[in-house]
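To be precise, the following lines are coords.txt, and they hold compact mmCIF, C-alpha atoms.
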# COMPACT_ATOMS: atom_id res chain seq x y z
CA MET K 1 16.93 15.14 8.57
CA LYS K 2 17.78 11.59 7.61
CA LEU K 3 17.97 9.32 10.63
CA GLU K 4 20.01 6.76 8.70
CA LYS K 5 22.97 9.12 8.67
CA TYR K 6 23.07 9.45 12.45
CA LEU K 7 22.09 6.02 13.77
CA GLN K 8 24.55 3.17 13.99
CA ILE K 9 21.77 0.59 14.15
CA LEU K 10 18.64 0.08 12.11
CA PRO K 11 16.52 3.21 12.24
CA LYS K 12 13.35 1.15 12.53
CA SER K 13 12.08 -2.30 13.39
CA LEU K 14 12.06 -5.00 10.75
CA TRP K 15 8.75 -4.92 8.96
CA VAL K 16 8.08 -8.27 7.41
CA PHE K 17 5.81 -9.30 4.59
CA THR K 18 5.03 -13.00 4.30
CA LEU K 19 4.14 -14.69 1.03
CA ASN K 20 2.92 -18.24 0.57
CA THR K 21 3.92 -19.41 -2.90
CA GLY K 22 2.28 -22.83 -2.67
CA SER K 23 3.25 -24.02 0.77
CA CYS K 24 1.27 -26.69 2.65
CA ASN K 25 0.83 -24.02 5.35
CA GLY K 26 3.09 -25.85 7.79
CA CYS K 27 5.77 -23.15 7.67
CA ASP K 28 3.15 -20.40 7.80
CA ILE K 29 1.78 -21.93 10.99
CA GLU K 30 5.30 -21.91 12.47
CA ILE K 31 5.70 -18.26 11.48
CA VAL K 32 2.51 -17.53 13.38
CA ALA K 33 3.80 -19.66 16.27
CA SER K 34 6.90 -17.47 16.44
CA LEU K 35 4.59 -14.51 17.05
CA THR K 36 2.80 -16.19 19.93
CA PRO K 37 3.75 -15.44 23.57
CA ARG K 38 6.00 -18.52 23.79
CA TYR K 39 8.51 -17.14 21.26
CA ASP K 40 7.23 -13.58 20.88
CA ILE K 41 9.44 -12.52 17.99
CA GLU K 42 7.92 -9.04 18.17
CA ARG K 43 10.01 -8.36 21.28
CA LEU K 44 13.00 -8.41 18.92
CA GLY K 45 11.41 -5.71 16.78
CA LEU K 46 9.89 -7.87 14.05
CA LYS K 47 6.50 -6.77 12.84
CA LEU K 48 4.26 -8.24 10.18
CA THR K 49 2.94 -5.77 7.65
CA GLY K 50 0.07 -6.07 5.19
CA THR K 51 1.77 -4.54 2.17
CA PRO K 52 5.20 -5.04 0.61
CA ARG K 53 5.51 -1.29 0.15
CA HIS K 54 6.13 -0.93 3.90
CA ALA K 55 8.31 -4.02 4.28
CA ASP K 56 12.04 -4.50 4.80
CA VAL K 57 11.97 -8.28 4.74
CA LEU K 58 10.17 -10.71 2.44
CA LEU K 59 9.44 -14.05 4.08
CA VAL K 60 8.69 -16.62 1.38
CA THR K 61 7.24 -20.06 2.04
CA GLY K 62 6.44 -22.73 -0.51
CA PRO K 63 8.20 -24.06 -3.61
CA VAL K 64 6.80 -21.38 -6.00
CA THR K 65 4.06 -22.72 -8.21
CA ARG K 66 3.73 -21.54 -11.81
CA PHE K 67 0.68 -19.48 -10.80
CA MET K 68 2.55 -17.66 -8.03
CA GLU K 69 5.70 -16.79 -9.98
CA PRO K 70 4.55 -13.41 -11.41
CA LYS K 71 3.08 -12.49 -8.05
CA LEU K 72 6.36 -13.27 -6.29
CA ARG K 73 8.26 -11.12 -8.81
CA GLN K 74 5.78 -8.27 -8.47
CA ILE K 75 5.79 -8.31 -4.67
CA TYR K 76 9.61 -8.45 -4.58
CA ALA K 77 9.76 -5.47 -6.95
CA GLN K 78 7.36 -3.50 -4.76
CA ILE K 79 9.53 -3.68 -1.63
CA PRO K 80 11.68 -0.55 -1.31
CA ASP K 81 15.46 -0.92 -1.07
CA PRO K 82 17.27 -2.06 0.98
CA LYS K 83 15.45 -5.37 1.34
CA VAL K 84 16.21 -8.89 2.48
CA VAL K 85 14.56 -12.10 1.32
CA ILE K 86 14.28 -15.08 3.65
CA ALA K 87 13.33 -18.42 2.12
CA VAL K 88 11.48 -20.31 4.82
CA GLY K 89 11.25 -24.09 4.86
CA ASN K 90 12.62 -26.88 2.72
CA CYS K 91 10.15 -26.20 -0.12
CA ALA K 92 11.21 -22.56 -0.46
CA THR K 93 14.91 -23.31 -0.14
CA SER K 94 15.17 -26.38 -2.36
CA GLY K 95 11.74 -27.50 -3.59
CA ASP K 96 12.09 -30.54 -1.35
CA VAL K 97 10.09 -33.57 -2.53
CA PHE K 98 8.19 -31.44 -5.04
CA PHE K 99 11.40 -30.38 -6.80
CA LYS K 100 10.65 -32.08 -10.12
CA SER K 101 6.96 -31.31 -10.22
CA TYR K 102 5.70 -30.08 -13.62
CA ASN K 103 3.85 -27.21 -11.95
CA LEU K 104 6.78 -25.70 -10.06
CA VAL K 105 9.17 -23.02 -11.24
CA GLY K 106 10.97 -22.70 -7.90
CA PRO K 107 12.71 -22.91 -5.54
CA VAL K 108 12.60 -19.25 -4.60
CA ASP K 109 16.19 -18.42 -5.55
CA ARG K 110 15.44 -19.28 -9.16
CA ILE K 111 12.98 -16.40 -9.27
CA ILE K 112 14.39 -13.72 -6.94
CA PRO K 113 17.67 -13.36 -5.02
CA VAL K 114 17.53 -14.98 -1.59
CA ASP K 115 19.65 -13.69 1.30
CA VAL K 116 18.83 -16.12 4.12
CA TYR K 117 17.81 -19.78 3.95
CA VAL K 118 15.89 -21.28 6.85
CA HIS K 119 15.61 -25.07 6.54
CA GLY K 120 13.09 -27.40 8.10
CA CYS K 121 9.87 -29.20 7.29
CA ALA K 122 8.28 -27.42 8.85
CA ILE K 123 10.73 -24.88 10.24
CA ARG K 124 11.01 -24.40 13.97
CA PRO K 125 10.39 -20.90 15.37
CA GLU K 126 13.92 -20.90 16.83
CA ALA K 127 15.31 -21.40 13.33
CA LEU K 128 13.21 -18.54 12.05
CA ILE K 129 14.46 -16.27 14.84
CA GLU K 130 18.05 -17.17 13.93
CA GLY K 131 17.28 -16.42 10.28
CA VAL K 132 15.79 -13.07 11.16
CA ALA K 133 18.85 -12.22 13.28
CA LYS K 134 21.01 -12.89 10.21
CA ALA K 135 18.63 -10.79 8.12
CA VAL K 136 19.12 -7.86 10.51
CA THR K 137 22.88 -8.01 10.00
CA LEU K 138 22.47 -8.17 6.23
CA LEU K 139 19.95 -5.37 6.18
CA GLU K 140 22.19 -3.13 8.28
CA ALA K 141 25.06 -3.74 5.86
CA LYS K 142 22.82 -3.04 2.85
CA ARG K 143 21.42 0.11 4.42
CA ALA K 144 24.88 1.37 5.31
CA ALA K 145 26.01 0.76 1.73
CA LEU K 146 22.96 2.57 0.39
CA VAL K 147 23.45 5.55 2.74
CA SER K 148 27.12 5.92 1.85
CA LYS K 149 26.21 5.62 -1.85
CA THR K 150 23.62 8.37 -1.41
CA ALA K 151 26.10 10.52 0.50
CA VAL K 152 28.66 10.12 -2.31
CA GLY K 153 25.94 11.00 -4.82
CA GLU K 154 25.00 14.12 -2.85
CA GLY K 155 28.64 15.16 -2.50
CA ALA K 156 29.34 14.79 -6.24
CA MET G 1 -6.08 43.58 12.12
CA PHE G 2 -8.37 40.78 13.27
CA SER G 3 -11.03 41.25 15.83
CA SER G 4 -12.19 38.41 18.06
CA VAL G 5 -15.69 37.09 18.07
CA PHE G 6 -16.85 36.42 21.61
CA SER G 7 -19.64 34.04 22.39
CA GLY G 8 -20.98 32.79 25.68
CA ALA G 9 -18.75 29.70 25.40
CA GLY G 10 -15.49 31.31 24.28
CA PHE G 11 -14.04 33.27 21.41
CA TRP G 12 -12.97 32.83 17.78
CA ASP G 13 -10.06 34.77 16.39
CA ALA G 14 -8.90 34.62 12.77
CA GLY G 15 -5.32 35.47 13.75
CA VAL G 16 -5.11 32.58 16.22
CA TRP G 17 -6.67 30.29 13.67
CA LEU G 18 -4.08 31.28 11.04
CA LEU G 19 -1.26 30.88 13.57
CA MET G 20 -2.48 27.38 14.41
CA PHE G 21 -2.72 26.57 10.71
CA VAL G 22 0.89 27.61 10.17
CA PHE G 23 2.04 25.71 13.28
CA VAL G 24 0.20 22.48 12.43
CA GLY G 25 1.21 22.76 8.77
CA GLY G 26 4.87 23.20 9.73
CA TYR G 27 4.67 20.25 12.12
CA ALA G 28 3.09 18.04 9.44
CA PHE G 29 5.72 19.13 6.92
CA GLY G 30 8.46 18.25 9.41
CA ILE G 31 7.04 14.74 9.91
CA ARG G 32 6.73 14.32 6.14
CA ARG G 33 10.39 15.28 5.65
CA MET G 34 11.42 12.56 8.10
CA GLY G 35 9.72 9.92 5.94
CA ARG G 36 11.68 7.44 3.88
CA SER G 37 12.44 8.47 0.34
CA ASP G 38 14.63 5.54 -0.70
CA TYR G 39 12.03 3.90 -2.90
CA LYS G 40 12.49 4.20 -6.66
CA LYS G 41 9.99 6.48 -8.29
CA GLY G 42 8.38 5.37 -11.51
CA THR G 43 8.91 1.65 -10.76
CA ASP G 44 6.66 -1.03 -9.26
CA GLN G 45 7.52 0.43 -5.85
CA ASP G 46 5.24 3.30 -6.76
CA GLU G 47 2.36 1.04 -7.77
CA VAL G 48 -0.61 0.15 -5.61
CA TYR G 49 -0.27 -3.26 -3.94
CA TYR G 50 -2.94 -5.49 -5.43
CA SER G 51 -1.95 -8.89 -3.99
CA GLY G 52 0.86 -9.16 -6.51
CA ASN G 53 -1.51 -8.94 -9.45
CA VAL G 54 -1.35 -6.38 -12.22
CA MET G 55 -3.61 -3.47 -11.38
CA PRO G 56 -6.75 -3.51 -13.54
CA ASP G 57 -8.17 -0.32 -15.04
CA VAL G 58 -9.79 1.90 -12.46
CA ASP G 59 -13.18 1.60 -14.21
CA VAL G 60 -13.21 -2.17 -13.67
CA PHE G 61 -13.31 -2.14 -9.89
CA THR G 62 -14.37 1.38 -8.98
CA VAL G 63 -17.91 1.71 -7.66
CA PRO G 64 -18.93 5.30 -8.34
CA ALA G 65 -20.84 7.24 -5.70
CA SER G 66 -23.72 7.59 -8.15
CA SER G 67 -24.34 3.86 -7.70
CA SER G 68 -25.96 4.61 -4.36
CA TYR G 69 -28.75 6.34 -6.26
CA TRP G 70 -29.41 3.30 -8.47
CA GLY G 71 -32.69 2.34 -6.75
CA PHE G 72 -33.93 5.90 -6.84
CA ARG G 73 -33.17 6.27 -10.54
CA GLU G 74 -34.64 2.86 -11.32
CA ALA G 75 -37.90 3.68 -9.53
CA LEU G 76 -38.26 7.00 -11.36
CA LYS G 77 -36.97 5.69 -14.70
CA GLY G 78 -40.07 6.86 -16.63
CA TYR G 79 -39.74 10.37 -15.33
CA TYR G 80 -35.98 10.58 -15.85
CA SER G 81 -36.07 9.14 -19.39
CA ARG G 82 -38.52 11.83 -20.49
CA LEU G 83 -36.55 14.55 -18.70
CA SER G 84 -33.25 13.36 -20.18
CA ALA G 85 -34.78 13.34 -23.68
CA MET G 86 -35.71 16.98 -23.26
CA HIS G 87 -32.13 17.89 -22.31
CA THR G 88 -30.66 17.95 -25.79
CA GLY G 89 -27.85 20.39 -24.98
CA ILE G 90 -28.89 22.65 -27.88
CA ALA G 91 -29.13 26.27 -26.65
CA THR G 92 -31.76 27.35 -29.19
CA GLU G 93 -34.10 24.61 -27.96
CA TYR G 94 -33.68 25.80 -24.37
CA VAL G 95 -34.51 29.37 -25.48
CA GLY G 96 -37.54 27.94 -27.29
CA TRP G 97 -38.68 26.24 -24.06
CA PHE G 98 -38.16 29.51 -22.19
CA VAL G 99 -40.22 31.48 -24.73
CA LEU G 100 -42.94 28.84 -24.75
CA THR G 101 -43.15 28.69 -20.94
CA ALA G 102 -43.16 32.49 -20.70
CA ALA G 103 -45.97 32.63 -23.25
CA VAL G 104 -48.03 30.03 -21.34
CA ILE G 105 -47.54 31.88 -18.02
CA LEU G 106 -48.39 35.17 -19.71
CA VAL G 107 -51.61 33.72 -21.12
CA LEU G 108 -52.51 32.26 -17.72
CA VAL G 109 -51.83 35.57 -15.94
CA ILE G 110 -53.71 37.74 -18.47
CA VAL G 111 -56.66 35.38 -18.92

Spell out the structure here as structure tokens.
Amino acid sequence: MKLEKYLQILPKSLWVFTLNTGSCNGCDIEIVASLTPRYDIERLGLKLTGTPRHADVLLVTGPVTRFMEPKLRQIYAQIPDPKVVIAVGNCATSGDVFFKSYNLVGPVDRIIPVDVYVHGCAIRPEALIEGVAKAVTLLEAKRAALVSKTAVGEGA
Amino acid sequence: MFSSVFSGAGFWDAGVWLLMFVFVGGYAFGIRRMGRSDYKKGTDQDEVYYSGNVMPDVDVFTVPASSSYWGFREALKGYYSRLSAMHTGIATEYVGWFVLTAAVILVLVIV
């Protein structure tokens, strides 16, 4: 029995893996703030996970240093499909003031495809919640496409 | 086919045990079938997560269970080194030891 075939909505909560690719930690603190009782993003079904192999969403902070590039690629590759990448903060989305630094290979979308951009230095939890809401929509569309693709494959 | 074993506290029946095994096994199999299978086999999605690093060889970071005996082996190093030297793995030498020991015991018993 495959739940994806019968459910109109996501069959499970969003499991999120966060990766700091050289951030100052400001955005990471705001991610943690969004989990606190004031914002409580878990009430919307978002859950942090300790391994990319269980994740649906990759939350990337930081402008991607040279050291972190292979790790970012590896972690992205380890997340099962369908997956959504959210670039969190100005550094992750554009490199911000570090853009021309010799030690950066980012921003994130130069390394892996990014689906949602959340701007801010640091981001506000409300912005992150909006980004996650957009990620849900994208993930549902991707999952639906994947399920129909599988169904076509099974029918052939 | 199976008879029950009664004790003061209850009973044990092989048939019930087998039935439970089949029931629990079927239940576990059902849960396993509900699991996600949309990851790609043979890719990085199959690899162990090692903080984004390439997995080193197993020998590099595996601590074998025999390590817990390190102190014991270190303390009795003299004894073990002699014993290991005697274990050559050559069958004829083992037979020789057997004959020699038998001869010594025989001499001790007769004399």

* Asked: Can you list, as a PyMOL selection string, every protein, DNA or RNA residue that comes within 8 Å of stretch 59-75 of chain K when you count all atoms listed in the file, leaving out same-chain residues fewer than 3 positions away?
  -> (chain K and resi 16-24+27-28+52+78-79+85-89+91-96+98-99+103-108+111-112) or (chain G and resi 44+49+51-53)

Create the file for the chosen residues now, containing C-alpha atoms and written as a PDB file, in the coordinates of the input.
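Saved as result21.pdb:
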ATOM      1  CA  VAL K  16       8.080  -8.270   7.410  1.00  0.00           C
ATOM      2  CA  PHE K  17       5.810  -9.300   4.590  1.00  0.00           C
ATOM      3  CA  THR K  18       5.030 -13.000   4.300  1.00  0.00           C
ATOM      4  CA  LEU K  19       4.140 -14.690   1.030  1.00  0.00           C
ATOM      5  CA  ASN K  20       2.920 -18.240   0.570  1.00  0.00           C
ATOM      6  CA  THR K  21       3.920 -19.410  -2.900  1.00  0.00           C
ATOM      7  CA  GLY K  22       2.280 -22.830  -2.670  1.00  0.00           C
ATOM      8  CA  SER K  23       3.250 -24.020   0.770  1.00  0.00           C
ATOM      9  CA  CYS K  24       1.270 -26.690   2.650  1.00  0.00           C
ATOM     10  CA  CYS K  27       5.770 -23.150   7.670  1.00  0.00           C
ATOM     11  CA  ASP K  28       3.150 -20.400   7.800  1.00  0.00           C
ATOM     12  CA  PRO K  52       5.200  -5.040   0.610  1.00  0.00           C
ATOM     13  CA  GLN K  78       7.360  -3.500  -4.760  1.00  0.00           C
ATOM     14  CA  ILE K  79       9.530  -3.680  -1.630  1.00  0.00           C
ATOM     15  CA  VAL K  85      14.560 -12.100   1.320  1.00  0.00           C
ATOM     16  CA  ILE K  86      14.280 -15.080   3.650  1.00  0.00           C
ATOM     17  CA  ALA K  87      13.330 -18.420   2.120  1.00  0.00           C
ATOM     18  CA  VAL K  88      11.480 -20.310   4.820  1.00  0.00           C
ATOM     19  CA  GLY K  89      11.250 -24.090   4.860  1.00  0.00           C
ATOM     20  CA  CYS K  91      10.150 -26.200  -0.120  1.00  0.00           C
ATOM     21  CA  ALA K  92      11.210 -22.560  -0.460  1.00  0.00           C
ATOM     22  CA  THR K  93      14.910 -23.310  -0.140  1.00  0.00           C
ATOM     23  CA  SER K  94      15.170 -26.380  -2.360  1.00  0.00           C
ATOM     24  CA  GLY K  95      11.740 -27.500  -3.590  1.00  0.00           C
ATOM     25  CA  ASP K  96      12.090 -30.540  -1.350  1.00  0.00           C
ATOM     26  CA  PHE K  98       8.190 -31.440  -5.040  1.00  0.00           C
ATOM     27  CA  PHE K  99      11.400 -30.380  -6.800  1.00  0.00           C
ATOM     28  CA  ASN K 103       3.850 -27.210 -11.950  1.00  0.00           C
ATOM     29  CA  LEU K 104       6.780 -25.700 -10.060  1.00  0.00           C
ATOM     30  CA  VAL K 105       9.170 -23.020 -11.240  1.00  0.00           C
ATOM     31  CA  GLY K 106      10.970 -22.700  -7.900  1.00  0.00           C
ATOM     32  CA  PRO K 107      12.710 -22.910  -5.540  1.00  0.00           C
ATOM     33  CA  VAL K 108      12.600 -19.250  -4.600  1.00  0.00           C
ATOM     34  CA  ILE K 111      12.980 -16.400  -9.270  1.00  0.00           C
ATOM     35  CA  ILE K 112      14.390 -13.720  -6.940  1.00  0.00           C
TER      36      ILE K 112
ATOM     37  CA  ASP G  44       6.660  -1.030  -9.260  1.00  0.00           C
ATOM     38  CA  TYR G  49      -0.270  -3.260  -3.940  1.00  0.00           C
ATOM     39  CA  SER G  51      -1.950  -8.890  -3.990  1.00  0.00           C
ATOM     40  CA  GLY G  52       0.860  -9.160  -6.510  1.00  0.00           C
ATOM     41  CA  ASN G  53      -1.510  -8.940  -9.450  1.00  0.00           C
TER      42      ASN G  53
END

* To do: Using all atoms listed in the file, find all polymer residues with an atom at most 12 Å away from the point (11.8, -8.8, 15.7); report them as a list of chain:residue names.
  => K:Leu10, K:Lys12, K:Ser13, K:Leu14, K:Trp15, K:Val16, K:Ser34, K:Leu35, K:Tyr39, K:Asp40, K:Ile41, K:Glu42, K:Arg43, K:Leu44, K:Gly45, K:Leu46, K:Lys47, K:Leu48, K:Asp56, K:Val57, K:Leu128, K:Ile129, K:Glu130, K:Gly131, K:Val132, K:Ala133, K:Lys134, K:Ala135, K:Val136

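Distance-wise, atom CA of G:Thr88 and atom CA of G:Leu100 end up 16.4 Å apart.
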
* Structure fact -> note - atom CA of K:Leu146 and atom CA of K:Ala55 are separated by 16.5 Å

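Checking G:Gly26, G:Val16, G:Gly35, G:Ala85 one by one against chain K, counting only C-alpha atoms, you find the shortest gap at G:Gly35.
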
* **Distance criterion (only C-alpha atoms): nearest to K:Ile31 out of K:Pro80, K:Gly50, K:Pro125, K:Gly120** => K:Pro125

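Atom CA of G:Leu106 is found 22.5 Å from atom CA of G:Met86.
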
* Given only C-alpha atoms as the counted atoms, nearest of G:Asp59, G:Asp46, G:Glu74, G:Glu93 to chain K -> G:Asp46

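Among K:Thr36, K:Ser101, K:Asn25, K:Thr51, the residue with the shortest atom-to-atom distance to chain G, counting all atoms listed in the file, is K:Thr51.
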
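The nearest approach to chain G among the residues K:Gly26, K:Lys100, K:Tyr76, K:Ala33, with only C-alpha atoms taken into account, belongs to K:Tyr76.
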